[in-house]
Structures are given as C-alpha cells and as structure tokens.
Amino acid sequence: MQHSRSGKGYRPGARGVMAAFALNWGCATVAEHPRSIPEDSDGPLSSVILLPLTTRSTEDLLGHAWDVETDLADPLRSVLSGTAVVTSTDQHVVFFREVETRAELDVNFGLGNASAWASRVTHLVYDVRITALASFASGTQHYSAESGCCLQGSPTQACQSGYVYRLLRGSGSIRMLQRLEGQLSGGFKEVVVARGGARYRVVDESSFTDAYFGLELQPLQNVCRILAPEQEMAPLKLTSPPNCVVQRFGALGEKESLSRHLPNEELCRTVARRYCTELSGAISCRVRFGTTEETDLPAAALPSPDPPKLSTPKLIKKSNQPLPTPAPVNSSK
C-alpha cells in the first residue's frame, strides 16, 4: 500500500462535485489512465465517501457512527455490531471531482506548507478497481445501547449522519489535476482533455493496493424506530468511591491496604478484622470509614503471635540388649 498524498475523506456534495464517467465489468487489471475525461453529473460512486488513508481492516469503521465535525467514522461510537462478511466483485470505476478551495486540499490531503502545490490543483480523478464489499451479515446486526444514537424512536443529534454500513475494497490511483485556462498544453508531461475541450495538467498522483478505500453510510431511522425505550440507551452506571480503607502492617513493617465501598461503619470494621486476621504476622491494623479519623483496631482483633518453638534435647535411647561379657585375660602359671 502506497500513498504520496493523504488526508481526510471527501463527502459528495458537501466538499466537491463527483461525476463517475466509466464503469467496466470483468477486467483483470486496472486499465490505463484515460486521456479524455467526460464530465457527467452522477455515477456509481456518487454516494461513496473516500477514506483519507486506506486500510485492510473493518475495525473502527463498519457499524460506527459518522462524525460530521471530523468528517470521519467515530471510533468510540459503535452503533451496530455483527458478523462481517466480504463479498467478491469486480468493477472498474473512474470518477472525477472538482476541488472547490485550496483549503479543502490543505485539510484533506495534509499538504501543510505545500501552498504552491495546492494552488495548482483544481480537480481530482480517481481510477479504482473494486474487488470486494464488506458489510454485516443479514440477521446478525445488534444495536449498541452504549452508543446513545437513538432516543424516542429517532437518531440523536450526534448520529444524524448515519452509520457505516458498507466498505469498498480494491486498488487504484488518485490523480491531482490543474485546469489549464487558456494555456497551451505543449511542454507539459501529461495532459488530459475533458468533454467540451477543457484541458487538465497532471500535477501529482498517489496509489493504493488491495485495501478498503471507501465507505457508504446508512440512515439510523430504520434502526431507531423498532427499538423499545429501554433498549435505546444503556443506563448510566456510577461507581461509588471507596469509603472503607484498611491498612495492615506486617512484622517487618510492610504495609498492605484494602479499599471498599460499604454501607455502614460496623460492616467496615468487620471486614477490617477479617482482613487483618488473614496475616498471621500482622502487628498493627488501622481502619477509616468515610470522613472519620483513622483508628487502630483493638489488639483483640489482631491474630495472636505464634509462640516460639523450643528445641527439644535429643535423648539417648536405652537398649534392652545385655552388655557383652569381656573376654578372659590369659595369665601364665
């Protein structure tokens, strides 16, 4: 996968005029770039949003809400989940888009300080081979109440743009063009001609290989209208802060602590006693409930120290066997 320029995706209508002008089926490879480009108003990719960077994964895309502020899929707002299936296809599409402003290029292609380069680009031509479509298998979709996208049978404001329901995978290229207003085409390395005689100089080009490069959105209205009120949003779960803190100190001064949220002080002290008795060598145990001051547990609540082990002297075991009789001593007469 290779990119010479990158940036955020384009949305049809809002940021540019897209016109598809070629659709060929059954070709094995991407055809050569056309030397002429018709300027039609609609086409098979008129509703497709192009990704700023191609990807080979459907994660954080399929089933996610579309964020109108960033013009990207929201990775933290998954509306639908399910089993993703990939269907093979073979479509060759070439389509044309006009760049309305230089700022559009700066933002969406990440040009930074390349102002001279951006000022020359007026149009974009995409030449793509679509090889697969990814979507959720029918009957496996599940609405995520944590997304907060449905309320009273309608999409919430944060999810008005819908969700990503299909991804397009393939290979192709993007050519950046400069319209030659009243200029001669001689001397330029590559020039394409549009229907009606308009000429465009090829300024730059990028390409991608075997990756998801576009997506299609689906409105959430049909999803929200079939949900029961209790299915629309997950109830908020607030975790209460701990109000019972126990600290126990071992024989060598080591400290361990336990934090819990408990309903009353009596239960807190009961837990503290149980916690402190688990450590046989505990020499001190302190407990605090709520905003009260930390206090020591009474000595009776602490485990009794183990008595020292005294060494037992080894006793010589007496034998019941008779002692051997000493041999007689020989004497001379």
# chains A, B, ... in the order shown; residues from 1 in each chain; ligands from 1
>>> residues_around(residues="stretch 266-269 of chain A", least_positions_apart="2", cutoff="12 Å", atoms="only C-alpha atoms", output="ChimeraX atom specification")
/A:242-247,258-264,271-276,285-290,294-298,301
>>> write_last_selection(atoms="N, CA and C atoms", output="compact mmCIF listing (two decimals), in the first residue's frame")
# COMPACT_ATOMS: atom_id res chain seq x y z
N PRO A 242 -14.57 4.42 47.21
CA PRO A 242 -14.42 3.64 48.45
C PRO A 242 -14.56 4.52 49.69
N ASN A 243 -15.27 4.01 50.71
CA ASN A 243 -15.43 4.74 51.96
C ASN A 243 -14.89 3.96 53.16
N CYS A 244 -14.35 2.77 52.91
CA CYS A 244 -13.77 1.95 53.97
C CYS A 244 -12.35 1.58 53.56
N VAL A 245 -11.37 2.09 54.31
CA VAL A 245 -9.96 1.86 54.00
C VAL A 245 -9.30 1.18 55.19
N VAL A 246 -8.66 0.04 54.93
CA VAL A 246 -8.00 -0.72 55.98
C VAL A 246 -6.52 -0.84 55.62
N GLN A 247 -5.66 -0.64 56.64
CA GLN A 247 -4.23 -0.80 56.44
C GLN A 247 -3.69 -1.75 57.49
N LEU A 258 -6.55 -2.14 51.83
CA LEU A 258 -7.78 -2.64 51.22
C LEU A 258 -8.79 -1.50 51.20
N SER A 259 -9.40 -1.25 50.02
CA SER A 259 -10.39 -0.18 49.87
C SER A 259 -11.69 -0.77 49.36
N ARG A 260 -12.79 -0.44 50.03
CA ARG A 260 -14.11 -0.94 49.66
C ARG A 260 -15.16 0.15 49.89
N HIS A 261 -16.28 0.03 49.15
CA HIS A 261 -17.44 0.89 49.43
C HIS A 261 -18.46 0.04 50.17
N LEU A 262 -18.72 0.37 51.45
CA LEU A 262 -19.59 -0.41 52.30
C LEU A 262 -20.69 0.47 52.88
N PRO A 263 -21.84 -0.12 53.22
CA PRO A 263 -22.99 0.69 53.66
C PRO A 263 -22.86 1.33 55.03
N ASN A 264 -22.07 0.74 55.95
CA ASN A 264 -22.00 1.33 57.29
C ASN A 264 -20.65 1.01 57.91
N VAL A 271 -15.08 -6.21 58.18
CA VAL A 271 -14.19 -6.54 57.07
C VAL A 271 -12.74 -6.30 57.47
N ALA A 272 -12.49 -5.22 58.25
CA ALA A 272 -11.13 -4.91 58.68
C ALA A 272 -10.58 -6.03 59.56
N ARG A 273 -11.41 -6.52 60.49
CA ARG A 273 -10.94 -7.60 61.36
C ARG A 273 -10.63 -8.85 60.55
N ARG A 274 -11.51 -9.17 59.58
CA ARG A 274 -11.26 -10.36 58.76
C ARG A 274 -9.98 -10.19 57.93
N TYR A 275 -9.79 -9.00 57.41
CA TYR A 275 -8.61 -8.73 56.58
C TYR A 275 -7.33 -8.82 57.39
N CYS A 276 -7.38 -8.32 58.62
CA CYS A 276 -6.17 -8.32 59.44
C CYS A 276 -5.83 -9.70 59.99
N CYS A 285 -3.08 -2.78 62.80
CA CYS A 285 -4.12 -2.67 61.78
C CYS A 285 -4.92 -1.41 62.05
N ARG A 286 -5.08 -0.56 61.00
CA ARG A 286 -5.79 0.70 61.15
C ARG A 286 -6.94 0.74 60.15
N VAL A 287 -8.05 1.39 60.53
CA VAL A 287 -9.24 1.42 59.70
C VAL A 287 -9.83 2.83 59.72
N ARG A 288 -10.37 3.23 58.57
CA ARG A 288 -11.05 4.52 58.46
C ARG A 288 -12.32 4.34 57.63
N PHE A 289 -13.44 4.85 58.14
CA PHE A 289 -14.72 4.78 57.43
C PHE A 289 -15.21 6.19 57.13
N GLY A 290 -15.47 6.45 55.86
CA GLY A 290 -15.98 7.76 55.46
C GLY A 290 -15.00 8.87 55.80
N GLU A 294 -8.80 8.01 61.15
CA GLU A 294 -8.27 6.65 61.13
C GLU A 294 -7.98 6.20 62.55
N THR A 295 -8.39 4.99 62.88
CA THR A 295 -8.19 4.45 64.24
C THR A 295 -7.56 3.07 64.16
N ASP A 296 -6.94 2.67 65.31
CA ASP A 296 -6.35 1.34 65.41
C ASP A 296 -7.41 0.34 65.81
N LEU A 297 -7.34 -0.84 65.23
CA LEU A 297 -8.20 -1.91 65.69
C LEU A 297 -7.69 -2.38 67.05
N PRO A 298 -8.57 -2.78 67.95
CA PRO A 298 -8.10 -3.27 69.25
C PRO A 298 -7.23 -4.50 69.09
N ALA A 301 -8.50 -7.87 68.10
CA ALA A 301 -8.87 -8.17 66.71
C ALA A 301 -7.70 -8.65 65.89
>>> residues_around(residues="stretch 204-215 of chain A", least_positions_apart="6", cutoff="6 Å", atoms="only C-alpha atoms", output="mmCIF file with N, CA and C atoms, in the first residue's frame")
data_model
loop_
_atom_site.group_PDB
_atom_site.id
_atom_site.type_symbol
_atom_site.label_atom_id
_atom_site.label_comp_id
_atom_site.auth_asym_id
_atom_site.auth_seq_id
_atom_site.Cartn_x
_atom_site.Cartn_y
_atom_site.Cartn_z
ATOM 1 N N MET A 1 0.850 -1.194 0.000
ATOM 2 C CA MET A 1 0.000 0.000 0.000
ATOM 3 C C MET A 1 0.878 1.233 0.000
ATOM 4 N N GLN A 2 0.561 2.173 -0.859
ATOM 5 C CA GLN A 2 1.459 3.306 -1.047
ATOM 6 C C GLN A 2 0.648 4.565 -1.240
ATOM 7 N N HIS A 3 1.081 5.635 -0.595
ATOM 8 C CA HIS A 3 0.428 6.927 -0.725
ATOM 9 C C HIS A 3 1.479 8.003 -0.883
ATOM 10 N N SER A 4 1.282 8.856 -1.864
ATOM 11 C CA SER A 4 2.173 10.007 -1.960
ATOM 12 C C SER A 4 1.551 11.232 -1.325
ATOM 13 N N VAL A 48 -20.441 7.553 -2.376
ATOM 14 C CA VAL A 48 -19.329 6.941 -1.639
ATOM 15 C C VAL A 48 -18.451 8.017 -1.019
ATOM 16 N N ILE A 49 -18.075 7.790 0.242
ATOM 17 C CA ILE A 49 -17.119 8.655 0.937
ATOM 18 C C ILE A 49 -15.752 7.992 0.874
ATOM 19 N N LEU A 50 -14.775 8.727 0.420
ATOM 20 C CA LEU A 50 -13.428 8.174 0.263
ATOM 21 C C LEU A 50 -12.634 8.342 1.549
ATOM 22 N N LEU A 51 -11.990 7.280 1.975
ATOM 23 C CA LEU A 51 -11.209 7.309 3.208
ATOM 24 C C LEU A 51 -9.935 8.118 3.005
ATOM 25 N N THR A 54 -6.187 4.447 3.264
ATOM 26 C CA THR A 54 -6.765 3.126 3.056
ATOM 27 C C THR A 54 -6.368 2.198 4.187
ATOM 28 N N THR A 55 -7.164 1.149 4.400
ATOM 29 C CA THR A 55 -6.920 0.207 5.483
ATOM 30 C C THR A 55 -7.333 -1.181 5.037
ATOM 31 N N ARG A 56 -6.772 -2.196 5.656
ATOM 32 C CA ARG A 56 -7.145 -3.579 5.357
ATOM 33 C C ARG A 56 -8.002 -4.182 6.467
ATOM 34 N N ARG A 166 -21.374 -0.192 4.732
ATOM 35 C CA ARG A 166 -20.648 -0.966 3.733
ATOM 36 C C ARG A 166 -19.301 -0.327 3.435
ATOM 37 N N LEU A 167 -18.291 -1.179 3.172
ATOM 38 C CA LEU A 167 -16.947 -0.730 2.827
ATOM 39 C C LEU A 167 -16.573 -1.273 1.450
ATOM 40 N N LEU A 168 -15.817 -0.498 0.709
ATOM 41 C CA LEU A 168 -15.363 -0.888 -0.625
ATOM 42 C C LEU A 168 -13.866 -1.162 -0.581
ATOM 43 N N ARG A 169 -13.465 -2.302 -1.154
ATOM 44 C CA ARG A 169 -12.054 -2.690 -1.169
ATOM 45 C C ARG A 169 -11.565 -2.840 -2.604
ATOM 46 N N GLY A 170 -10.319 -2.501 -2.821
ATOM 47 C CA GLY A 170 -9.759 -2.649 -4.155
ATOM 48 C C GLY A 170 -8.413 -1.981 -4.280
ATOM 49 N N SER A 171 -8.042 -1.651 -5.514
ATOM 50 C CA SER A 171 -6.780 -0.989 -5.813
ATOM 51 C C SER A 171 -7.045 0.144 -6.792
ATOM 52 N N GLY A 172 -6.165 1.128 -6.780
ATOM 53 C CA GLY A 172 -6.378 2.223 -7.714
ATOM 54 C C GLY A 172 -5.413 3.365 -7.506
ATOM 55 N N SER A 173 -5.753 4.503 -8.112
ATOM 56 C CA SER A 173 -4.892 5.672 -8.045
ATOM 57 C C SER A 173 -5.733 6.930 -7.979
ATOM 58 N N ILE A 174 -5.102 8.007 -7.495
ATOM 59 C CA ILE A 174 -5.728 9.323 -7.437
ATOM 60 C C ILE A 174 -4.789 10.291 -8.147
ATOM 61 N N ARG A 175 -5.307 10.988 -9.150
ATOM 62 C CA ARG A 175 -4.500 11.977 -9.869
ATOM 63 C C ARG A 175 -4.997 13.381 -9.557
ATOM 64 N N MET A 176 -4.056 14.285 -9.229
ATOM 65 C CA MET A 176 -4.371 15.673 -8.954
ATOM 66 C C MET A 176 -4.152 16.478 -10.230
#
>>> residues_around(residues="A:Gln152", least_positions_apart="6", cutoff="10 Å", atoms="only C-alpha atoms", output="ChimeraX atom specification")
/A:224-225,227-229,232
>>> closest_atom_pairs(of="stretch 214-312 of chain A", to="stretch 134-145 of chain A", cutoff="7 Å", atoms="only C-alpha atoms", output="Markdown table")
| residue | atom | partner | partner_atom | distance |
| --- | --- | --- | --- | --- |
| A:Gln231 | CA | A:Ala145 | CA | 6.3 |
| A:Glu232 | CA | A:Ala145 | CA | 5.4 |
| A:Met233 | CA | A:Ala145 | CA | 4.5 |
| A:Ala234 | CA | A:Ala145 | CA | 4.9 |
>>> select_by_dssp(residues="stretch 151-229 of chain A", states="strand (DSSP E or B)", output="MDAnalysis selection string")
chainID A and resid 151 154:155 163:179 191:194 199:218
>>> residues_around(residues="A:Gln218", least_positions_apart="3", cutoff="12 Å", atoms="only C-alpha atoms", output="PyMOL selection string")
chain A and resi 47-49+62-66+79-80+135+155+159-167+215+221-223
>>> decode(residues="stretch 217-238 of chain A", atoms="N, CA and C atoms", output="PDB file, in the first residue's frame")
ATOM      1  N   LEU A 217     -22.740   5.260   3.794  1.00  0.00           N
ATOM      2  CA  LEU A 217     -23.485   5.482   5.031  1.00  0.00           C
ATOM      3  C   LEU A 217     -24.935   5.042   4.872  1.00  0.00           C
ATOM      4  N   GLN A 218     -25.556   4.703   5.994  1.00  0.00           N
ATOM      5  CA  GLN A 218     -26.961   4.330   6.035  1.00  0.00           C
ATOM      6  C   GLN A 218     -27.638   5.125   7.145  1.00  0.00           C
ATOM      7  N   PRO A 219     -28.825   5.701   6.911  1.00  0.00           N
ATOM      8  CA  PRO A 219     -29.526   6.432   7.977  1.00  0.00           C
ATOM      9  C   PRO A 219     -29.893   5.510   9.123  1.00  0.00           C
ATOM     10  N   LEU A 220     -30.011   6.082  10.318  1.00  0.00           N
ATOM     11  CA  LEU A 220     -30.333   5.299  11.511  1.00  0.00           C
ATOM     12  C   LEU A 220     -31.828   5.236  11.810  1.00  0.00           C
ATOM     13  N   GLN A 221     -32.635   5.892  11.016  1.00  0.00           N
ATOM     14  CA  GLN A 221     -34.055   5.972  11.323  1.00  0.00           C
ATOM     15  C   GLN A 221     -34.698   4.587  11.427  1.00  0.00           C
ATOM     16  N   ASN A 222     -34.389   3.697  10.479  1.00  0.00           N
ATOM     17  CA  ASN A 222     -34.984   2.366  10.496  1.00  0.00           C
ATOM     18  C   ASN A 222     -34.517   1.538  11.687  1.00  0.00           C
ATOM     19  N   VAL A 223     -33.324   1.832  12.194  1.00  0.00           N
ATOM     20  CA  VAL A 223     -32.827   1.119  13.375  1.00  0.00           C
ATOM     21  C   VAL A 223     -33.513   1.623  14.635  1.00  0.00           C
ATOM     22  N   CYS A 224     -33.630   2.947  14.769  1.00  0.00           N
ATOM     23  CA  CYS A 224     -34.171   3.530  16.000  1.00  0.00           C
ATOM     24  C   CYS A 224     -35.666   3.283  16.159  1.00  0.00           C
ATOM     25  N   ARG A 225     -36.407   3.233  15.069  1.00  0.00           N
ATOM     26  CA  ARG A 225     -37.875   3.177  15.189  1.00  0.00           C
ATOM     27  C   ARG A 225     -38.383   1.839  15.691  1.00  0.00           C
ATOM     28  N   ILE A 226     -37.561   0.775  15.638  1.00  0.00           N
ATOM     29  CA  ILE A 226     -38.026  -0.538  16.092  1.00  0.00           C
ATOM     30  C   ILE A 226     -37.546  -0.864  17.513  1.00  0.00           C
ATOM     31  N   LEU A 227     -36.834   0.072  18.155  1.00  0.00           N
ATOM     32  CA  LEU A 227     -36.313  -0.190  19.498  1.00  0.00           C
ATOM     33  C   LEU A 227     -37.329   0.200  20.563  1.00  0.00           C
ATOM     34  N   ALA A 228     -37.396  -0.598  21.620  1.00  0.00           N
ATOM     35  CA  ALA A 228     -38.193  -0.230  22.787  1.00  0.00           C
ATOM     36  C   ALA A 228     -37.437   0.843  23.568  1.00  0.00           C
ATOM     37  N   PRO A 229     -38.156   1.675  24.348  1.00  0.00           N
ATOM     38  CA  PRO A 229     -37.483   2.758  25.090  1.00  0.00           C
ATOM     39  C   PRO A 229     -36.330   2.276  25.947  1.00  0.00           C
ATOM     40  N   GLU A 230     -36.480   1.109  26.586  1.00  0.00           N
ATOM     41  CA  GLU A 230     -35.402   0.628  27.456  1.00  0.00           C
ATOM     42  C   GLU A 230     -34.212   0.094  26.661  1.00  0.00           C
ATOM     43  N   GLN A 231     -34.370  -0.100  25.340  1.00  0.00           N
ATOM     44  CA  GLN A 231     -33.265  -0.587  24.513  1.00  0.00           C
ATOM     45  C   GLN A 231     -32.450   0.538  23.888  1.00  0.00           C
ATOM     46  N   GLU A 232     -32.951   1.761  23.936  1.00  0.00           N
ATOM     47  CA  GLU A 232     -32.303   2.850  23.211  1.00  0.00           C
ATOM     48  C   GLU A 232     -30.990   3.282  23.831  1.00  0.00           C
ATOM     49  N   MET A 233     -30.975   3.452  25.131  1.00  0.00           N
ATOM     50  CA  MET A 233     -29.765   3.923  25.798  1.00  0.00           C
ATOM     51  C   MET A 233     -29.487   3.081  27.033  1.00  0.00           C
ATOM     52  N   ALA A 234     -28.231   2.744  27.229  1.00  0.00           N
ATOM     53  CA  ALA A 234     -27.838   1.989  28.415  1.00  0.00           C
ATOM     54  C   ALA A 234     -27.882   2.896  29.628  1.00  0.00           C
ATOM     55  N   PRO A 235     -28.402   2.398  30.762  1.00  0.00           N
ATOM     56  CA  PRO A 235     -28.428   3.232  31.963  1.00  0.00           C
ATOM     57  C   PRO A 235     -27.033   3.575  32.436  1.00  0.00           C
ATOM     58  N   LEU A 236     -26.897   4.766  32.973  1.00  0.00           N
ATOM     59  CA  LEU A 236     -25.593   5.192  33.466  1.00  0.00           C
ATOM     60  C   LEU A 236     -25.222   4.388  34.704  1.00  0.00           C
ATOM     61  N   LYS A 237     -24.015   3.920  34.751  1.00  0.00           N
ATOM     62  CA  LYS A 237     -23.512   3.167  35.887  1.00  0.00           C
ATOM     63  C   LYS A 237     -22.429   3.981  36.581  1.00  0.00           C
ATOM     64  N   LEU A 238     -22.769   4.483  37.767  1.00  0.00           N
ATOM     65  CA  LEU A 238     -21.814   5.284  38.515  1.00  0.00           C
ATOM     66  C   LEU A 238     -21.155   4.422  39.578  1.00  0.00           C
TER      67      LEU A 238
END
